[in-house]
Amino acid sequence: MRAAFAVFALVLNIFASAPAADEAEQHLTLDQGRTLALHALKTGKPQLTLQLSKALLQADPKDPLAYLLQAAAHAKLNDAREARKSAVLAYRFSTSGSDKFQAAQMVSRLALASGSPTLSQVWLRRTAIHAPDENSKELIAKDYQTLRLINHWAFRIRTELKPSSNVNNGSDTTLEIIDGTPSLGSRFGPRSVALSGVIGTVDLTASRRLRQSQRSLTSMSGRIYIQRVALSSSAKDLAAALAAASGTTVPENSEFGSTYAELSVRHAFAVGPAQKRGAASVALTTGTSWYGEQENYNLAKFTGSRSWQLSPDTGLVIDGMVEERFDARSLSYKATILGFGTSLSHRLENGDKLKLTLGLRDADSGHVNSSHSAASVRLGYDFGKSLGSVRFSTGLILGYSDYPVYLAGFPVTPLTNGRQDKSIYADVNMLFERYDYAGFAPVLRLRAGRKFSNHSRFETKEFSLSLGIESKF
């Protein structure tokens with residue numbers, strides 16, 4: 001049964017056939033009232049639309065169309081904040097996906113009009129939840145990219161849950177073997193052997209543009225990275241047995257957790273003519289690292305990079321860094337680190353992307369066991385087209401580290417030729433694009449590899465399968 005409500009005779013004056021004003025009131029159905037309010041809005045009478053929508057909401061406080069009409073009327077009166085409040089209520093009380101999509105689109109536009117681009121982005125993601133088709137999702141992605149250019153703030157979140165055979169980067173064996181020779185029967189404790197379990201990670205970054213021109217950008221950003229570990233029941237049993245044998249305590253989950261926080265200022269600028277699209281950047285970073293609920297060290301870092309667009313499909317990047325670690329809890333964490341990297345990427349004719357990355361690193365530490373040089377190379381391949389609902393990328397990583405002097409064994413002696421580690425890892429990443437929620441899609445990552453060393457403590461294997469979330473736009 002359709003409810004009825006009273007509307008003053010003034011409402012009927014919009015019609016040429018309206019009765020005389022001395023007829024105090026007319027009784028209209030809700031549908032007639034909605035039609036009347038919409039007509040008033042279209043004929044340039046937003047104040048009348050507000051009066052009618054108020055009467056409609058008195059009859060039905062959860063009428064989404066009345067809230068939508070109210071929002072449109074406030075917008076025409078240049079009151080974006082009140083319009084947004086009404087549109088939010090229209091979204092809340094809408095029952096169909098199409099109505100929610102329309103209401104969320106309106107909230108997003110009104111948030112931008114009222115000077116809140118971040119809130120506009122949030123509501124644009126909500127429209128993606130109710131998008132009727134893939135074409136609409138593509139348009140939403142383009143609108144989101146436009147908002148990124150408008151908004152001085154940018155936020156990024158990455159989460160991951162990773163079951164792993166080696167959550168603590170421990171050794172494959174309990175026996176210490178150096179250059180093929182057992183070290184007088186010395187055995188590793190429960191913290192040095194590989195323990196299985198689950199690794200959970202949350203990585204949050206917020207940045208703000210401080211100054212921008214056509215050829216430069218200065219920004220400030222903050223980041224916090226949190227990683228926690230939960231040992232499996234079998235790992236706990238193994239750790240307990242090794243602790244009993246070695247006379248040490250049983251490790252807790254908290255001992256393997258890590259946290260890292262940093263604050264950076266970055267300046268990027270164009271180099272050379274616009275058609276070559278060359279760019280460079282410099283950044284200063286200060287940060288703090290914690291491991292096992294203890295502060296490891298503070299750091300100050302300077303980084304720089306230079307990029308070239310060699311052709312429409314090929315790009316080259318070279319970067320370098322110098323990092324100083326201080327206020328360390330032990331000499332092994334105090335270090336000066338130099339780094340150099342370069343990457344070459346090329347887009348193939350079929351849309352796939354090939355990327356080759358080289359990294360060099362040198363660490364001069366307060367303890368000889370932490371002073372080393374390292375090199376790594378990664379070959380990555382990204383498939384441009386999805387296979388069904390999945391988009392694939394994969395990579396192969398080779399690494400080498402050299403510790404010229406390394407103290408080990410019992411009694412403690414330097415290794416004859418120092419310590420050398422070699423590693424090989426492969427990863428496969430699967431992005432499930434069609435199973436997104438608010439523009440966030442699940443990512444499945446498979447990683448497997450092994451590290452070889454002349455010291456058995458660093459002979460490790462890893463097999464992990466992680467589930468994460470990644471933004472599509």
# chains A, B, ... in the order shown; residues from 1 in each chain; ligands from 1
>>> closest_atom_pairs(of="range 124-199 of chain A", to="range 88-112 of chain A", cutoff="9 Å", atoms="only C-alpha atoms", output="JSON lines")
{"residue": "A:Leu124", "atom": "CA", "partner": "A:Ser108", "partner_atom": "CA", "distance": 5.7}
{"residue": "A:Arg125", "atom": "CA", "partner": "A:Ala104", "partner_atom": "CA", "distance": 8.9}
{"residue": "A:Arg126", "atom": "CA", "partner": "A:Ala104", "partner_atom": "CA", "distance": 6.5}
{"residue": "A:Thr127", "atom": "CA", "partner": "A:Phe101", "partner_atom": "CA", "distance": 5.1}
{"residue": "A:Ala128", "atom": "CA", "partner": "A:Phe101", "partner_atom": "CA", "distance": 7.9}
{"residue": "A:Ile129", "atom": "CA", "partner": "A:Phe101", "partner_atom": "CA", "distance": 8.0}
{"residue": "A:His130", "atom": "CA", "partner": "A:Phe101", "partner_atom": "CA", "distance": 5.3}
{"residue": "A:Ala131", "atom": "CA", "partner": "A:Phe101", "partner_atom": "CA", "distance": 6.4}
{"residue": "A:Pro132", "atom": "CA", "partner": "A:Ser98", "partner_atom": "CA", "distance": 7.1}
{"residue": "A:Leu147", "atom": "CA", "partner": "A:Leu112", "partner_atom": "CA", "distance": 8.7}
>>> select_by_dssp(residues="range 158-402 of chain A", states="strand (DSSP E or B)", output="PyMOL selection string")
chain A and resi 158-164+171+175-178+181-187+193+197-212+216-231+258-271+278-291+294-311+314-326+335-347+353-365+372-382+387+390-402
>>> residues_around(residues="Trp308 in chain A", least_positions_apart="5", cutoff="8 Å", atoms="only C-alpha atoms", output="PyMOL selection string")
chain A and resi 276-279+315-317
>>> atom_distance(atom1="CA of Val282 in chain A", atom2="CA of Val265 in chain A")
8.6 Å
>>> residues_around(residues="Glu160 in chain A", least_positions_apart="6", cutoff="6 Å", atoms="only C-alpha atoms", output="number ranges by chain")
A: 200-201, 467-468
>>> write_last_selection(atoms="C-alpha atoms", output="compact mmCIF listing (two decimals), in the first residue's frame")
# COMPACT_ATOMS: atom_id res chain seq x y z
CA GLY A 200 52.15 -11.81 7.84
CA THR A 201 53.11 -8.45 6.35
CA LEU A 467 48.38 -14.41 -0.72
CA GLY A 468 48.32 -10.65 -0.96
>>> select_by_dssp(residues="range 35-94 of chain A", states="alpha helix (DSSP H)", output="NGL selection string")
:A and (35-42 or 46-59 or 64-76 or 80-93)
>>> residues_around(residues="Ser219 in chain A", least_positions_apart="6", cutoff="7 Å", atoms="only C-alpha atoms", output="ChimeraX atom specification")
/A:207-211,265-267
>>> write_last_selection(atoms="C-alpha atoms", output="mmCIF file, in the first residue's frame")
data_model
loop_
_atom_site.group_PDB
_atom_site.id
_atom_site.type_symbol
_atom_site.label_atom_id
_atom_site.label_comp_id
_atom_site.auth_asym_id
_atom_site.auth_seq_id
_atom_site.Cartn_x
_atom_site.Cartn_y
_atom_site.Cartn_z
ATOM 1 C CA SER A 207 53.050 10.801 0.747
ATOM 2 C CA ARG A 208 52.234 14.443 0.095
ATOM 3 C CA ARG A 209 53.281 16.710 -2.748
ATOM 4 C CA LEU A 210 54.922 19.818 -1.340
ATOM 5 C CA ARG A 211 55.649 21.603 -4.588
ATOM 6 C CA VAL A 265 61.910 13.950 1.280
ATOM 7 C CA ARG A 266 62.251 13.474 -2.478
ATOM 8 C CA HIS A 267 62.815 15.862 -5.369
#
>>> atom_distance(atom1="CA of Leu30 in chain A", atom2="CA of Ser86 in chain A")
18.6 Å
>>> closest_atom_pairs(of="range 151-210 of chain A", to="range 229-253 of chain A", cutoff="9 Å", atoms="only C-alpha atoms", output="Markdown table")
| residue | atom | partner | partner_atom | distance |
| --- | --- | --- | --- | --- |
| A:Val167 | CA | A:Val229 | CA | 7.1 |
| A:Asn168 | CA | A:Val229 | CA | 8.6 |
| A:Thr174 | CA | A:Leu242 | CA | 8.8 |
| A:Arg187 | CA | A:Ser246 | CA | 8.1 |
| A:Phe188 | CA | A:Leu242 | CA | 8.1 |
| A:Gly189 | CA | A:Leu242 | CA | 5.9 |
| A:Pro190 | CA | A:Ala239 | CA | 4.6 |
| A:Arg191 | CA | A:Pro251 | CA | 6.7 |
| A:Val193 | CA | A:Ala239 | CA | 8.5 |
| A:Ala194 | CA | A:Ala235 | CA | 8.4 |
| A:Leu195 | CA | A:Ala235 | CA | 5.1 |
| A:Ser196 | CA | A:Ala235 | CA | 5.6 |
| A:Gly197 | CA | A:Leu231 | CA | 4.2 |
| A:Val198 | CA | A:Ala230 | CA | 5.2 |
| A:Ile199 | CA | A:Val229 | CA | 4.6 |
| A:Gly200 | CA | A:Val229 | CA | 6.3 |
| A:Thr201 | CA | A:Val229 | CA | 8.9 |
>>> atom_distance(atom1="CA of Ser464 in chain A", atom2="CA of Val390 in chain A")
19.6 Å
>>> residues_around(residues="Thr159 in chain A", least_positions_apart="3", cutoff="12 Å", atoms="only C-alpha atoms", output="list in words")
Arg156, Lys162, Ile199, Gly200, Thr201, Val202, Asp203, Leu204, Thr205, Tyr225, Ile226, Gln227, Arg228, Phe440, Ala441, Pro442, Val443, Leu444, Ser466, Leu467, Gly468, Ile469, Glu470 and Ser471 of chain A
>>> write_last_selection(atoms="N, CA and C atoms", output="PDB file, in the first residue's frame")
ATOM      1  N   ARG A 156      49.315   4.174  -0.133  1.00  0.00           N
ATOM      2  CA  ARG A 156      49.509   2.832  -0.688  1.00  0.00           C
ATOM      3  C   ARG A 156      49.515   1.833   0.458  1.00  0.00           C
ATOM      4  N   LYS A 162      51.893 -15.293   4.142  1.00  0.00           N
ATOM      5  CA  LYS A 162      52.776 -16.205   3.424  1.00  0.00           C
ATOM      6  C   LYS A 162      53.170 -17.418   4.271  1.00  0.00           C
ATOM      7  N   ILE A 199      54.112 -16.098   7.674  1.00  0.00           N
ATOM      8  CA  ILE A 199      54.593 -14.719   7.780  1.00  0.00           C
ATOM      9  C   ILE A 199      53.479 -13.773   7.340  1.00  0.00           C
ATOM     10  N   GLY A 200      53.140 -12.831   8.185  1.00  0.00           N
ATOM     11  CA  GLY A 200      52.146 -11.812   7.839  1.00  0.00           C
ATOM     12  C   GLY A 200      52.811 -10.455   7.697  1.00  0.00           C
ATOM     13  N   THR A 201      52.458  -9.729   6.645  1.00  0.00           N
ATOM     14  CA  THR A 201      53.109  -8.451   6.350  1.00  0.00           C
ATOM     15  C   THR A 201      52.073  -7.369   6.048  1.00  0.00           C
ATOM     16  N   VAL A 202      52.302  -6.181   6.608  1.00  0.00           N
ATOM     17  CA  VAL A 202      51.519  -4.992   6.268  1.00  0.00           C
ATOM     18  C   VAL A 202      52.516  -3.890   5.940  1.00  0.00           C
ATOM     19  N   ASP A 203      52.350  -3.273   4.775  1.00  0.00           N
ATOM     20  CA  ASP A 203      53.264  -2.225   4.307  1.00  0.00           C
ATOM     21  C   ASP A 203      52.428  -0.994   3.953  1.00  0.00           C
ATOM     22  N   LEU A 204      52.571   0.077   4.731  1.00  0.00           N
ATOM     23  CA  LEU A 204      51.772   1.285   4.541  1.00  0.00           C
ATOM     24  C   LEU A 204      52.666   2.460   4.172  1.00  0.00           C
ATOM     25  N   THR A 205      52.257   3.225   3.157  1.00  0.00           N
ATOM     26  CA  THR A 205      52.994   4.417   2.743  1.00  0.00           C
ATOM     27  C   THR A 205      52.020   5.562   2.509  1.00  0.00           C
ATOM     28  N   TYR A 225      56.568  -0.539   7.836  1.00  0.00           N
ATOM     29  CA  TYR A 225      56.539  -1.928   7.358  1.00  0.00           C
ATOM     30  C   TYR A 225      56.537  -2.832   8.582  1.00  0.00           C
ATOM     31  N   ILE A 226      55.528  -3.675   8.688  1.00  0.00           N
ATOM     32  CA  ILE A 226      55.375  -4.557   9.846  1.00  0.00           C
ATOM     33  C   ILE A 226      55.308  -6.002   9.368  1.00  0.00           C
ATOM     34  N   GLN A 227      56.165  -6.845   9.940  1.00  0.00           N
ATOM     35  CA  GLN A 227      56.170  -8.264   9.589  1.00  0.00           C
ATOM     36  C   GLN A 227      56.146  -9.088  10.875  1.00  0.00           C
ATOM     37  N   ARG A 228      55.210 -10.019  10.943  1.00  0.00           N
ATOM     38  CA  ARG A 228      55.086 -10.876  12.109  1.00  0.00           C
ATOM     39  C   ARG A 228      55.069 -12.340  11.673  1.00  0.00           C
ATOM     40  N   PHE A 440      40.703  -3.511  -5.519  1.00  0.00           N
ATOM     41  CA  PHE A 440      41.782  -4.317  -4.962  1.00  0.00           C
ATOM     42  C   PHE A 440      41.578  -5.775  -5.374  1.00  0.00           C
ATOM     43  N   ALA A 441      42.635  -6.355  -5.960  1.00  0.00           N
ATOM     44  CA  ALA A 441      42.543  -7.722  -6.459  1.00  0.00           C
ATOM     45  C   ALA A 441      43.527  -8.624  -5.705  1.00  0.00           C
ATOM     46  N   PRO A 442      43.178  -9.898  -5.502  1.00  0.00           N
ATOM     47  CA  PRO A 442      44.098 -10.824  -4.818  1.00  0.00           C
ATOM     48  C   PRO A 442      45.276 -11.202  -5.694  1.00  0.00           C
ATOM     49  N   VAL A 443      46.433 -11.373  -5.055  1.00  0.00           N
ATOM     50  CA  VAL A 443      47.660 -11.774  -5.736  1.00  0.00           C
ATOM     51  C   VAL A 443      48.211 -13.016  -5.054  1.00  0.00           C
ATOM     52  N   LEU A 444      48.494 -14.031  -5.839  1.00  0.00           N
ATOM     53  CA  LEU A 444      49.090 -15.259  -5.329  1.00  0.00           C
ATOM     54  C   LEU A 444      50.535 -15.322  -5.809  1.00  0.00           C
ATOM     55  N   SER A 466      52.334 -17.220  -1.018  1.00  0.00           N
ATOM     56  CA  SER A 466      51.739 -16.105  -0.289  1.00  0.00           C
ATOM     57  C   SER A 466      50.502 -15.568  -1.006  1.00  0.00           C
ATOM     58  N   LEU A 467      49.599 -15.043  -0.211  1.00  0.00           N
ATOM     59  CA  LEU A 467      48.382 -14.414  -0.716  1.00  0.00           C
ATOM     60  C   LEU A 467      48.390 -12.971  -0.288  1.00  0.00           C
ATOM     61  N   GLY A 468      48.313 -12.076  -1.257  1.00  0.00           N
ATOM     62  CA  GLY A 468      48.322 -10.654  -0.958  1.00  0.00           C
ATOM     63  C   GLY A 468      47.213  -9.923  -1.690  1.00  0.00           C
ATOM     64  N   ILE A 469      47.196  -8.600  -1.521  1.00  0.00           N
ATOM     65  CA  ILE A 469      46.194  -7.744  -2.157  1.00  0.00           C
ATOM     66  C   ILE A 469      46.917  -6.613  -2.869  1.00  0.00           C
ATOM     67  N   GLU A 470      46.495  -6.315  -4.089  1.00  0.00           N
ATOM     68  CA  GLU A 470      47.149  -5.290  -4.896  1.00  0.00           C
ATOM     69  C   GLU A 470      46.102  -4.439  -5.597  1.00  0.00           C
ATOM     70  N   SER A 471      46.362  -3.137  -5.674  1.00  0.00           N
ATOM     71  CA  SER A 471      45.427  -2.232  -6.346  1.00  0.00           C
ATOM     72  C   SER A 471      45.548  -2.372  -7.865  1.00  0.00           C
TER      73      SER A 471
END
>>> closest_residue(among="A:Leu56, A:Ala374, A:Ala80, A:Ala438", to="Gln32 in chain A", atoms="only C-alpha atoms")
A:Leu56
>>> closest_atom_pairs(of="range 289-328 of chain A", to="range 337-353 of chain A", cutoff="7 Å", atoms="only C-alpha atoms", output="tab-separated table")
residue	atom	partner	partner_atom	distance
A:Asp313	CA	A:Arg347	CA	5.0
A:Thr314	CA	A:His346	CA	4.4
A:Gly315	CA	A:Ser345	CA	5.3
A:Leu316	CA	A:Leu344	CA	4.7
A:Val317	CA	A:Ser343	CA	5.3
A:Ile318	CA	A:Thr342	CA	4.3
A:Asp319	CA	A:Gly341	CA	5.2
A:Gly320	CA	A:Phe340	CA	4.4
A:Met321	CA	A:Gly339	CA	5.0
A:Val322	CA	A:Leu338	CA	4.6
A:Glu323	CA	A:Ile337	CA	5.0
A:Glu324	CA	A:Ile337	CA	6.5
>>> write_last_selection(atoms="C-alpha atoms", output="mmCIF file, in the first residue's frame")
data_model
loop_
_atom_site.group_PDB
_atom_site.id
_atom_site.type_symbol
_atom_site.label_atom_id
_atom_site.label_comp_id
_atom_site.auth_asym_id
_atom_site.auth_seq_id
_atom_site.Cartn_x
_atom_site.Cartn_y
_atom_site.Cartn_z
ATOM 1 C CA ASP A 313 59.304 0.665 -25.788
ATOM 2 C CA THR A 314 62.644 0.699 -23.954
ATOM 3 C CA GLY A 315 63.652 2.425 -20.741
ATOM 4 C CA LEU A 316 66.841 2.520 -18.674
ATOM 5 C CA VAL A 317 67.219 3.461 -14.998
ATOM 6 C CA ILE A 318 70.435 3.863 -12.995
ATOM 7 C CA ASP A 319 70.365 4.497 -9.258
ATOM 8 C CA GLY A 320 72.745 4.712 -6.334
ATOM 9 C CA MET A 321 72.601 5.086 -2.565
ATOM 10 C CA VAL A 322 74.719 5.612 0.527
ATOM 11 C CA GLU A 323 73.344 4.615 3.916
ATOM 12 C CA GLU A 324 74.747 5.142 7.391
#
>>> residues_around(residues="range 289-302 of chain A", least_positions_apart="4", cutoff="6 Å", atoms="only C-alpha atoms", output="ChimeraX atom specification")
/A:254-260,283-285,321-329
>>> write_last_selection(atoms="N, CA and C atoms", output="short mmCIF file (atom, residue, chain, number, x, y, z; two decimals), in the first residue's frame")
data_model
loop_
_atom_site.label_atom_id
_atom_site.label_comp_id
_atom_site.auth_asym_id
_atom_site.auth_seq_id
_atom_site.Cartn_x
_atom_site.Cartn_y
_atom_site.Cartn_z
N SER A 254 57.40 -13.76 18.73
CA SER A 254 57.78 -12.35 18.72
C SER A 254 59.25 -12.13 18.40
N GLU A 255 60.09 -13.16 18.62
CA GLU A 255 61.52 -13.00 18.36
C GLU A 255 61.84 -12.85 16.88
N PHE A 256 60.91 -13.29 16.01
CA PHE A 256 61.17 -13.25 14.57
C PHE A 256 60.42 -12.14 13.86
N GLY A 257 59.70 -11.32 14.61
CA GLY A 257 58.98 -10.21 14.01
C GLY A 257 59.89 -9.02 13.75
N SER A 258 59.57 -8.23 12.75
CA SER A 258 60.37 -7.05 12.42
C SER A 258 59.47 -5.87 12.07
N THR A 259 59.98 -4.67 12.32
CA THR A 259 59.27 -3.44 12.00
C THR A 259 60.27 -2.43 11.47
N TYR A 260 59.86 -1.68 10.48
CA TYR A 260 60.71 -0.64 9.91
C TYR A 260 59.86 0.59 9.63
N ALA A 283 66.83 11.90 -2.99
CA ALA A 283 65.99 11.73 -1.81
C ALA A 283 66.85 11.59 -0.56
N LEU A 284 66.34 12.13 0.54
CA LEU A 284 66.95 11.97 1.85
C LEU A 284 65.97 11.20 2.73
N THR A 285 66.48 10.20 3.46
CA THR A 285 65.62 9.34 4.27
C THR A 285 66.22 9.15 5.65
N MET A 321 72.96 4.70 -3.92
CA MET A 321 72.60 5.09 -2.56
C MET A 321 73.80 4.95 -1.64
N VAL A 322 73.78 5.75 -0.58
CA VAL A 322 74.72 5.61 0.53
C VAL A 322 73.91 5.69 1.81
N GLU A 323 74.13 4.73 2.69
CA GLU A 323 73.34 4.62 3.92
C GLU A 323 74.28 4.47 5.11
N GLU A 324 73.99 5.23 6.16
CA GLU A 324 74.75 5.14 7.39
C GLU A 324 73.83 4.64 8.51
N ARG A 325 74.23 3.54 9.14
CA ARG A 325 73.47 2.97 10.26
C ARG A 325 74.19 3.29 11.55
N PHE A 326 73.46 3.84 12.51
CA PHE A 326 74.08 4.29 13.77
C PHE A 326 73.13 3.99 14.93
N ASP A 327 73.59 4.31 16.14
CA ASP A 327 72.83 4.00 17.36
C ASP A 327 72.41 2.53 17.36
N ALA A 328 73.32 1.66 16.90
CA ALA A 328 73.02 0.24 16.77
C ALA A 328 73.13 -0.48 18.12
N ARG A 329 72.37 -1.55 18.27
CA ARG A 329 72.41 -2.29 19.54
C ARG A 329 73.66 -3.18 19.65
#
>>> closest_residue(among="A:Gln121, A:Gln214, A:Ser365, A:Ser192", to="Glu459 in chain A", atoms="only C-alpha atoms")
A:Ser192
>>> closest_residue(among="A:Leu356, A:Ala363, A:Ile140, A:Leu431", to="Phe473 in chain A", atoms="only C-alpha atoms")
A:Ile140
